[in-house]
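Novice: data15.cif is reproduced below (mmCIF, C-alpha atoms and all ligand atoms).
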```cif
data_run
#
loop_
_atom_site.label_atom_id
_atom_site.label_comp_id
_atom_site.auth_asym_id
_atom_site.auth_seq_id
_atom_site.Cartn_x
_atom_site.Cartn_y
_atom_site.Cartn_z
CA MET A 269 7.24 -2.03 19.28
CA LYS A 270 7.95 1.39 17.79
CA TYR A 271 11.01 1.51 20.05
CA GLU A 272 12.15 -1.93 18.92
CA VAL A 273 11.69 -0.94 15.28
CA GLY A 274 13.59 2.28 15.91
CA GLU A 275 16.47 0.29 17.42
CA LEU A 276 16.42 -2.16 14.50
CA PHE A 277 16.46 0.72 12.03
CA LYS A 278 19.39 2.39 13.77
CA SER A 279 21.45 -0.78 14.04
CA GLN A 280 20.73 -1.78 10.43
CA LEU A 281 21.85 1.61 9.15
CA SER A 282 25.11 1.30 11.04
CA GLU A 283 25.79 -2.36 10.14
CA TRP A 284 24.35 -2.72 6.66
CA ASN A 285 26.18 -0.53 4.22
CA PHE A 286 23.76 -0.92 1.31
CA ALA A 287 20.74 0.07 3.42
CA ASN A 288 22.66 3.02 4.82
CA LYS A 289 23.40 4.31 1.31
CA GLN A 290 19.81 3.79 0.20
CA TYR A 291 18.35 5.81 3.11
CA ALA A 292 20.96 8.52 2.61
CA ALA A 293 19.96 8.71 -1.09
CA LEU A 294 16.30 9.01 -0.08
CA GLN A 295 17.06 12.31 1.61
CA LYS A 296 17.88 13.71 -1.80
CA VAL A 297 14.77 12.58 -3.69
CA GLU A 298 12.71 15.32 -5.29
CA THR A 299 9.08 15.79 -4.35
CA LYS A 300 6.38 18.02 -5.78
CA THR A 301 2.76 18.62 -4.78
CA LEU A 302 -0.14 18.62 -7.24
CA LYS A 303 -3.70 19.71 -6.56
CA PHE A 304 -6.90 18.27 -8.02
CA LYS A 305 -9.90 20.42 -8.95
CA GLY A 306 -11.82 19.20 -5.89
CA GLY A 307 -9.10 20.51 -3.56
CA ALA A 308 -7.30 17.28 -2.64
CA THR A 309 -3.54 17.20 -3.09
CA VAL A 310 -1.09 14.42 -3.90
CA LYS A 311 2.68 14.33 -3.81
CA VAL A 312 4.90 13.02 -6.59
CA GLN A 313 8.25 11.51 -5.59
CA PHE A 314 11.08 11.07 -8.10
CA ASN A 315 12.73 7.92 -6.78
CA PRO A 316 15.05 6.15 -9.28
CA GLU A 317 15.75 3.26 -6.89
CA ARG A 318 12.14 2.15 -7.17
CA ILE A 319 12.52 1.22 -10.86
CA LYS A 320 12.92 -2.45 -9.87
CA SER A 321 9.56 -2.43 -8.18
CA SER A 322 7.70 -0.21 -10.67
CA ALA A 323 8.95 -2.15 -13.68
CA ALA A 324 8.92 -5.56 -11.97
CA LYS A 325 7.93 -8.48 -14.18
CA VAL A 326 5.31 -10.31 -12.19
CA ASP A 327 4.16 -12.87 -14.74
CA LYS A 328 4.31 -16.52 -13.63
CA LYS A 329 7.34 -17.39 -15.80
CA SER A 330 9.51 -14.47 -14.63
CA ILE A 331 8.61 -15.17 -11.01
CA ALA A 332 9.37 -18.89 -11.30
CA GLU A 333 12.77 -18.19 -12.86
CA ARG A 334 14.14 -15.89 -10.17
CA PRO A 335 15.26 -16.74 -6.63
CA CYS A 336 12.67 -15.31 -4.21
CA PHE A 337 14.23 -12.24 -2.62
CA LEU A 338 11.92 -12.46 0.41
CA CYS A 339 12.85 -16.01 1.41
CA ALA A 340 15.25 -16.06 4.38
CA LYS A 341 17.86 -18.10 2.50
CA ASN A 342 18.10 -15.47 -0.26
CA ARG A 343 18.03 -12.33 1.87
CA PRO A 344 21.23 -10.32 2.40
CA ALA A 345 23.27 -11.68 5.32
CA GLU A 346 23.29 -8.23 6.95
CA GLN A 347 19.50 -7.95 6.98
CA LYS A 348 18.23 -8.55 10.52
CA GLY A 349 14.65 -8.51 11.74
CA ILE A 350 12.13 -8.68 14.57
CA ASP A 351 9.92 -11.75 14.96
CA PHE A 352 6.16 -11.32 15.21
CA GLU A 353 4.07 -14.50 15.08
CA ASN A 354 4.73 -16.00 11.61
CA PHE A 355 6.32 -12.82 10.33
CA LYS A 356 9.71 -11.16 10.28
CA ILE A 357 9.77 -7.35 10.42
CA LEU A 358 12.61 -6.09 8.22
CA ILE A 359 13.99 -2.77 7.02
CA ASN A 360 13.11 -2.22 3.34
CA PRO A 361 16.36 -1.46 1.48
CA PHE A 362 14.47 0.32 -1.34
CA PRO A 363 12.70 2.98 0.73
CA ILE A 364 9.94 5.42 -0.15
CA PHE A 365 9.30 6.40 3.49
CA PRO A 366 12.03 7.76 5.82
CA VAL A 367 11.41 4.57 7.84
CA HIS A 368 10.14 1.80 5.57
CA LEU A 369 9.52 -1.79 6.65
CA THR A 370 8.86 -5.04 4.83
CA ILE A 371 6.99 -7.57 6.93
CA VAL A 372 7.63 -10.97 5.45
CA HIS A 373 5.88 -14.26 6.17
CA THR A 374 8.35 -16.85 7.42
CA GLU A 375 7.21 -19.29 4.72
CA HIS A 376 7.19 -18.96 0.95
CA THR A 377 3.42 -18.65 0.56
CA GLU A 378 1.27 -16.82 -2.00
CA GLN A 379 0.32 -13.15 -1.76
CA LEU A 380 -3.37 -13.49 -0.79
CA ILE A 381 -4.99 -11.32 1.86
CA LYS A 382 -7.88 -13.57 2.92
CA PRO A 383 -5.89 -15.82 5.32
CA PHE A 384 -4.00 -12.82 6.72
CA VAL A 385 -6.70 -10.33 7.74
CA GLU A 386 -6.14 -11.05 11.44
CA PRO A 387 -2.34 -10.62 11.32
CA MET A 388 -2.91 -7.41 9.34
CA LEU A 389 -4.92 -5.91 12.20
CA LYS A 390 -2.60 -7.28 14.89
CA LEU A 391 0.41 -5.81 13.09
CA SER A 392 -1.39 -2.48 12.61
CA LYS A 393 -1.90 -2.25 16.35
CA LYS A 394 1.55 -3.55 17.18
CA LEU A 395 3.18 -1.10 14.78
CA GLN A 396 1.45 2.01 16.08
CA GLY A 397 3.10 5.03 14.53
CA PHE A 398 3.26 3.24 11.17
CA THR A 399 0.84 2.72 8.31
CA LEU A 400 0.74 -0.90 7.21
CA PHE A 401 -0.04 -1.75 3.62
CA TYR A 402 -0.94 -4.68 1.43
CA ASN A 403 -0.47 -4.79 -2.33
CA GLY A 404 -2.38 -7.52 -4.10
CA ALA A 405 -0.40 -9.81 -6.40
CA LYS A 406 -1.75 -7.90 -9.42
CA CYS A 407 -1.81 -4.50 -7.73
CA GLY A 408 1.81 -3.61 -7.17
CA ALA A 409 3.38 -6.46 -5.21
CA SER A 410 6.78 -7.23 -6.71
CA ALA A 411 6.91 -10.60 -4.94
CA PRO A 412 3.44 -12.06 -5.66
CA ASP A 413 4.68 -15.52 -4.65
CA HIS A 414 5.78 -14.67 -1.10
CA PHE A 415 3.28 -13.16 1.32
CA HIS A 416 4.31 -9.79 2.73
CA PHE A 417 3.07 -6.48 4.04
CA GLN A 418 4.99 -3.23 4.06
CA ALA A 419 4.77 -0.34 6.50
CA GLY A 420 5.83 3.28 6.43
CA ILE A 421 6.23 5.80 9.21
CA GLU A 422 3.02 7.79 9.88
CA GLY A 423 2.60 11.38 8.73
CA PHE A 424 3.89 10.71 5.23
CA LEU A 425 0.80 9.74 3.24
CA PRO A 426 -1.71 12.58 2.64
CA ILE A 427 -4.65 10.20 3.13
CA GLU A 428 -3.93 9.99 6.88
CA GLU A 429 -4.50 13.70 7.49
CA ASP A 430 -7.32 13.81 4.92
CA PHE A 431 -9.10 11.10 6.86
CA ARG A 432 -8.49 12.77 10.20
CA THR A 433 -10.14 15.99 8.97
CA LYS A 434 -12.89 14.00 7.15
CA LYS A 435 -12.76 16.64 4.43
CA PHE A 436 -13.36 14.13 1.65
CA ALA A 437 -14.69 11.14 3.58
CA VAL A 438 -18.46 10.67 3.71
CA LEU A 439 -19.99 8.50 6.43
CA VAL A 440 -22.22 5.90 4.77
CA ILE A 441 -22.71 3.26 7.48
CA GLU A 442 -22.78 3.79 11.22
CA ASN A 443 -23.18 0.80 13.51
CA PRO A 444 -22.46 0.79 17.27
CA ASN A 445 -18.85 -0.37 16.92
CA ILE A 446 -18.01 0.58 13.40
CA LYS A 447 -18.23 3.28 10.76
CA VAL A 448 -17.81 2.96 7.00
CA TYR A 449 -16.95 5.84 4.68
CA LYS A 450 -16.71 6.49 0.97
CA TRP A 451 -14.73 9.37 -0.48
CA THR A 452 -15.73 12.24 -2.77
CA ASN A 453 -13.61 14.73 -4.75
CA TYR A 454 -10.66 12.47 -4.10
CA GLU A 455 -10.16 11.16 -7.67
CA ARG A 456 -10.00 7.53 -6.54
CA GLU A 457 -12.49 5.14 -5.03
CA ILE A 458 -11.92 4.11 -1.42
CA ILE A 459 -13.97 2.31 1.18
CA THR A 460 -12.76 3.14 4.69
CA ILE A 461 -13.53 1.26 7.89
CA GLU A 462 -13.08 2.94 11.27
CA SER A 463 -13.66 0.87 14.38
CA ASN A 464 -12.55 0.42 17.97
CA SER A 465 -13.38 -3.28 17.71
CA TYR A 466 -10.96 -5.90 16.40
CA GLY A 467 -13.77 -8.40 15.76
CA SER A 468 -16.10 -5.93 14.02
CA SER A 469 -13.23 -4.73 11.82
CA ILE A 470 -12.44 -8.28 10.73
CA ASP A 471 -16.10 -9.03 10.02
CA MET A 472 -16.43 -5.87 7.91
CA ILE A 473 -13.23 -6.54 5.94
CA ASN A 474 -14.40 -10.08 5.23
CA LYS A 475 -17.83 -8.82 4.19
CA ILE A 476 -16.32 -6.31 1.75
CA TYR A 477 -13.94 -8.98 0.45
CA GLY A 478 -16.89 -11.33 -0.13
CA ILE A 479 -18.81 -8.66 -2.07
CA LEU A 480 -15.75 -7.83 -4.21
CA ALA A 481 -15.11 -11.53 -4.89
CA LYS A 482 -18.69 -11.90 -6.16
CA MET A 483 -18.70 -8.68 -8.20
CA TYR A 484 -15.43 -9.24 -10.04
CA ASN A 485 -14.01 -12.28 -11.76
CA HIS A 486 -10.47 -11.62 -10.64
CA THR A 487 -8.27 -14.57 -9.80
CA PRO A 488 -6.98 -15.62 -7.38
CA GLU A 489 -8.44 -12.72 -5.35
CA PRO A 490 -10.30 -9.43 -5.97
CA MET A 491 -7.77 -6.82 -7.07
CA LEU A 492 -7.07 -4.43 -4.23
CA ASN A 493 -4.71 -2.35 -2.17
CA ILE A 494 -5.15 -1.84 1.57
CA LEU A 495 -3.73 0.72 3.99
CA SER A 496 -4.27 -0.06 7.66
CA TYR A 497 -3.32 1.64 10.91
CA TYR A 498 -4.31 1.93 14.56
CA LYS A 499 -4.78 5.47 15.78
CA SER A 500 -6.43 6.98 18.89
CA GLY A 501 -8.04 3.68 19.86
CA ASN A 502 -9.42 2.93 16.39
CA TYR A 503 -8.48 0.62 13.58
CA VAL A 504 -8.57 2.52 10.28
CA ILE A 505 -8.60 0.42 7.12
CA HIS A 506 -8.65 2.03 3.68
CA ILE A 507 -9.60 -0.45 0.93
CA PHE A 508 -8.96 0.47 -2.71
CA PRO A 509 -10.74 -1.98 -5.00
CA ARG A 510 -8.92 -2.07 -8.34
CA SER A 511 -9.94 -2.74 -11.92
CA VAL A 512 -6.54 -3.00 -13.62
CA HIS A 513 -2.91 -3.39 -12.63
CA ARG A 514 -1.20 -0.72 -14.73
CA PRO A 515 -2.60 2.27 -16.67
CA ASP A 516 -2.32 2.72 -20.47
CA CYS A 517 0.42 5.33 -20.11
CA TYR A 518 2.65 2.67 -18.50
CA PHE A 519 2.66 0.73 -21.79
CA ALA A 520 2.74 3.74 -24.14
CA GLU A 521 5.85 4.57 -26.11
CA GLY A 522 8.02 7.66 -26.46
CA SER A 523 6.77 10.90 -24.92
CA GLU A 524 3.35 9.37 -24.20
CA GLN A 525 4.82 6.94 -21.68
CA ILE A 526 4.65 7.52 -17.94
CA LEU A 527 6.24 4.70 -15.98
CA LEU A 528 3.98 4.66 -12.96
CA SER A 529 2.70 1.39 -11.55
CA PRO A 530 0.15 2.32 -8.87
CA ALA A 531 0.22 0.48 -5.56
CA SER A 532 -0.86 1.28 -1.98
CA VAL A 533 1.53 4.20 -1.49
CA ASP A 534 0.35 5.87 -4.71
CA MET A 535 -3.26 5.30 -3.61
CA GLY A 536 -2.40 6.91 -0.28
CA GLY A 537 -1.35 10.05 -2.14
CA VAL A 538 2.38 9.72 -2.83
CA LEU A 539 2.96 8.80 -6.47
CA ILE A 540 6.30 7.23 -7.24
CA THR A 541 8.00 8.03 -10.55
CA PRO A 542 11.33 6.23 -11.00
CA ARG A 543 12.19 8.27 -14.14
CA LYS A 544 13.01 11.97 -14.07
CA GLU A 545 11.18 12.76 -17.33
CA ASP A 546 7.94 11.35 -15.88
CA TYR A 547 8.39 13.28 -12.65
CA ASP A 548 8.89 16.51 -14.59
CA LYS A 549 5.96 16.17 -16.95
CA ILE A 550 3.26 14.47 -14.85
CA THR A 551 0.24 16.68 -14.09
CA ALA A 552 -2.78 16.42 -11.78
CA LYS A 553 -4.85 15.59 -14.89
CA ASP A 554 -2.53 12.64 -15.72
CA ILE A 555 -2.87 11.33 -12.18
CA SER A 556 -6.61 11.73 -12.29
CA ASP A 557 -6.66 9.69 -15.55
CA ILE A 558 -4.39 7.02 -14.03
CA PHE A 559 -6.60 6.67 -10.94
CA ALA A 560 -9.74 6.52 -13.11
CA GLN A 561 -8.24 3.65 -15.09
CA VAL A 562 -6.92 1.52 -12.25
CA CYS A 563 -9.73 2.06 -9.71
CA ILE A 564 -13.37 0.99 -9.81
CA THR A 565 -16.06 3.61 -10.56
CA ALA A 566 -18.10 5.68 -8.08
CA LYS A 567 -21.17 3.74 -9.21
CA GLU A 568 -19.49 0.46 -8.28
CA THR A 569 -18.53 1.86 -4.87
CA ASP A 570 -22.18 2.76 -4.26
CA GLU A 571 -23.19 -0.75 -5.29
CA ILE A 572 -20.73 -2.25 -2.79
CA ILE A 573 -22.03 0.03 -0.05
CA SER A 574 -25.66 -0.81 -0.77
CA LYS A 575 -24.76 -4.51 -0.48
CA LEU A 576 -22.98 -3.84 2.81
CA LYS A 577 -26.16 -2.35 4.24
CA ILE A 578 -28.14 -5.54 3.66
ZN ZN B 601 9.97 -16.64 -0.88
#
```
Would you give me this structure, written as structure tokens?
Ligand SMILES: [Zn+2]

Specialist:
Amino acid sequence: MKYEVGELFKSQLSEWNFANKQYAALQKVETKTLKFKGGATVKVQFNPERIKSSAAKVDKKSIAERPCFLCAKNRPAEQKGIDFENFKILINPFPIFPVHLTIVHTEHTEQLIKPFVEPMLKLSKKLQGFTLFYNGAKCGASAPDHFHFQAGIEGFLPIEEDFRTKKFAVLVIENPNIKVYKWTNYEREIITIESNSYGSSIDMINKIYGILAKMYNHTPEPMLNILSYYKSGNYVIHIFPRSVHRPDCYFAEGSEQILLSPASVDMGGVLITPRKEDYDKITAKDISDIFAQVCITAKETDEIISKLKI
């Protein structure tokens, strides 16, 4: 599949002028690295093309009034894709990653993860060499009315290497087929599943989902971001339960404002700032504050884990 995606990427860049320009522009984006007190680092990417996504209006009225840009009939004529079950794998024309995919459901159906846990794992395995991600409707998805995943080429998000070294991940549950981790000194709350078993992974995701659904009164689903990949014979699923969509600084005015709308990629350690002034001024302390606002607390993570052990 990686080969097929590589071929798709190459042919799209040669046949689709807009995508070609967008990926060429990506090579010029600025990136800086910031370090937290506990030793973890994150990257900040100044990416003006992402303003549409970061500042997307996702209220019901705005969504109802625009043509859905993920529906086949509204997609650019040049955009081609690869079929996988009920999904179409497409090149994302607003990239963050050097190879960035949008994986769109063939039907116009709501952004809800519960019915799509199995395809998420199948796609993770199929798209080895990529990290798949899911943004909840209120956690960064700019098309909350049309189900989709995204995927980015591996080796880009700091969380991948940080999980490989287990420097910040603490093993909290170990069953024969599956391990569960929480994270410390990482400035955001994450529950990570590592398993060589497709079935055990699905059961654990559903169990965590059930606990979140009971703990929080979010509708229509618990607020979350998910990163998922298949590496060295294991499924790895990072779940980021969320408490709010956007931090206070997003809504602030004047010099107090930082236009950053955290989604899976930001949670994975690459924070996207579409405005230069935000890129220049943002500090590790700001990011720490943003994560603290949009994520659940360490106490809540412990509560979820204690419920998982029952
Ligand atoms: Zn649609």

Novice: Give me, please, the distance in Å between CA of Ile458 in chain A and CA of Val512 in chain A, quoted to one decimal.

Specialist: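 Rounded to one decimal, the two atoms are 15.1 Å apart.
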
Novice: For the interface of chain A with ligand ZN 601 (chain B) (cut-off 10 Å, counting all atoms listed in the file), please tabulate each contacting residue of chain A alongside its nearest pair of atoms and their separation in Å to one decimal, rows sorted by chain and increasing number, as CSV.

Specialist:
```
residue,atom,partner,partner_atom,distance
A:Pro335,CA,B:ZN601,ZN,7.8
A:Cys336,CA,B:ZN601,ZN,4.5
A:Phe337,CA,B:ZN601,ZN,6.4
A:Leu338,CA,B:ZN601,ZN,4.8
A:Cys339,CA,B:ZN601,ZN,3.7
A:Ala340,CA,B:ZN601,ZN,7.5
A:Lys341,CA,B:ZN601,ZN,8.7
A:Asn342,CA,B:ZN601,ZN,8.2
A:Arg343,CA,B:ZN601,ZN,9.5
A:Val372,CA,B:ZN601,ZN,8.8
A:His373,CA,B:ZN601,ZN,8.5
A:Thr374,CA,B:ZN601,ZN,8.5
A:Glu375,CA,B:ZN601,ZN,6.8
A:His376,CA,B:ZN601,ZN,4.1
A:Thr377,CA,B:ZN601,ZN,7.0
A:Glu378,CA,B:ZN601,ZN,8.8
A:Ala411,CA,B:ZN601,ZN,7.9
A:Pro412,CA,B:ZN601,ZN,9.3
A:Asp413,CA,B:ZN601,ZN,6.6
A:His414,CA,B:ZN601,ZN,4.6
A:Phe415,CA,B:ZN601,ZN,7.9
A:His416,CA,B:ZN601,ZN,9.6
```

Novice: Can you pull out the residues contacting range 492-498 of chain A? Cut-off 8 Å, using all atoms listed in the file, and skip same-chain residues under 6 positions away; I want them as a PDB file with C-alpha atoms, keeping the file's coordinate frame.

Specialist:
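Listing of part_36.pdb after writing:
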```
ATOM      1  CA  MET A 388      -2.910  -7.410   9.340  1.00  0.00           C
ATOM      2  CA  LEU A 389      -4.920  -5.910  12.200  1.00  0.00           C
ATOM      3  CA  SER A 392      -1.390  -2.480  12.610  1.00  0.00           C
ATOM      4  CA  LYS A 393      -1.900  -2.250  16.350  1.00  0.00           C
ATOM      5  CA  GLN A 396       1.450   2.010  16.080  1.00  0.00           C
ATOM      6  CA  PHE A 398       3.260   3.240  11.170  1.00  0.00           C
ATOM      7  CA  THR A 399       0.840   2.720   8.310  1.00  0.00           C
ATOM      8  CA  LEU A 400       0.740  -0.900   7.210  1.00  0.00           C
ATOM      9  CA  PHE A 401      -0.040  -1.750   3.620  1.00  0.00           C
ATOM     10  CA  TYR A 402      -0.940  -4.680   1.430  1.00  0.00           C
ATOM     11  CA  ASN A 403      -0.470  -4.790  -2.330  1.00  0.00           C
ATOM     12  CA  GLY A 404      -2.380  -7.520  -4.100  1.00  0.00           C
ATOM     13  CA  CYS A 407      -1.810  -4.500  -7.730  1.00  0.00           C
ATOM     14  CA  VAL A 504      -8.570   2.520  10.280  1.00  0.00           C
ATOM     15  CA  ILE A 505      -8.600   0.420   7.120  1.00  0.00           C
ATOM     16  CA  HIS A 506      -8.650   2.030   3.680  1.00  0.00           C
ATOM     17  CA  ILE A 507      -9.600  -0.450   0.930  1.00  0.00           C
ATOM     18  CA  PHE A 508      -8.960   0.470  -2.710  1.00  0.00           C
ATOM     19  CA  PRO A 509     -10.740  -1.980  -5.000  1.00  0.00           C
ATOM     20  CA  ARG A 510      -8.920  -2.070  -8.340  1.00  0.00           C
ATOM     21  CA  ALA A 531       0.220   0.480  -5.560  1.00  0.00           C
ATOM     22  CA  SER A 532      -0.860   1.280  -1.980  1.00  0.00           C
ATOM     23  CA  MET A 535      -3.260   5.300  -3.610  1.00  0.00           C
ATOM     24  CA  GLY A 536      -2.400   6.910  -0.280  1.00  0.00           C
TER      25      GLY A 536
END
```

Novice: Just to confirm, what's the straight-line distance from CA of Glu545 in chain A to CA of Arg318 in chain A in Å (one decimal)?

Specialist: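 Calculated distance between CA of Glu545 in chain A and CA of Arg318 in chain A is 14.7 Å.
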
Novice: Counting all atoms listed in the file, which residues of range 345-413 of chain A sit at most 7 Å from some atom of range 276-289 of chain A, and what is each one's closest atom pair with its distance in Å to one decimal, listed by chain and rising residue number, as a Markdown table?

Specialist:
```
| residue | atom | partner | partner_atom | distance |
| --- | --- | --- | --- | --- |
| A:Glu346 | CA | A:Trp284 | CA | 5.6 |
| A:Ile359 | CA | A:Phe277 | CA | 6.6 |
| A:Pro361 | CA | A:Ala287 | CA | 5.0 |
```

Novice: Padding of 3 Å on every side, edges along x, y and z, all listed atoms of range 440-458 of chain A included: what centre and edge lengths in Å, to one decimal, does that box have, as lines of an AutoDock Vina configuration file?

Specialist:
```
center_x = -16.6
center_y = 7.2
center_z = 4.8
size_x = 19.2
size_y = 21.1
size_z = 30.9
```

Novice: By how many Å are CA of Phe424 in chain A and CA of Gln290 in chain A apart?

Specialist: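 Taking CA of Phe424 in chain A as the start and CA of Gln290 in chain A as the end point, the length is 18.1 Å.
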
Novice: List the spatial neighbours of Arg514 in chain A as number ranges by chain - criterion: any atom at most 9 Å away, all atoms listed in the file, same-chain residues fewer than 5 positions off excluded.

Specialist: A: 406-408, 519, 528-530, 558, 561-562

Novice: May I ask which of the residues A:Glu272, A:Glu317, A:Asp557, A:Glu462 is the closest one to Lys450 in chain A, counting all atoms listed in the file?

Specialist: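 Between A:Glu272, A:Glu317, A:Asp557, A:Glu462, the residue approaching Lys450 in chain A most closely is A:Glu462.
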
Novice: Can you work out which one of A:Thr569, A:Asn474, A:Asn354, A:Ser511 has the shortest atom-to-atom distance to Lys382 in chain A, counting all atoms listed in the file?

Specialist: A:Asn474
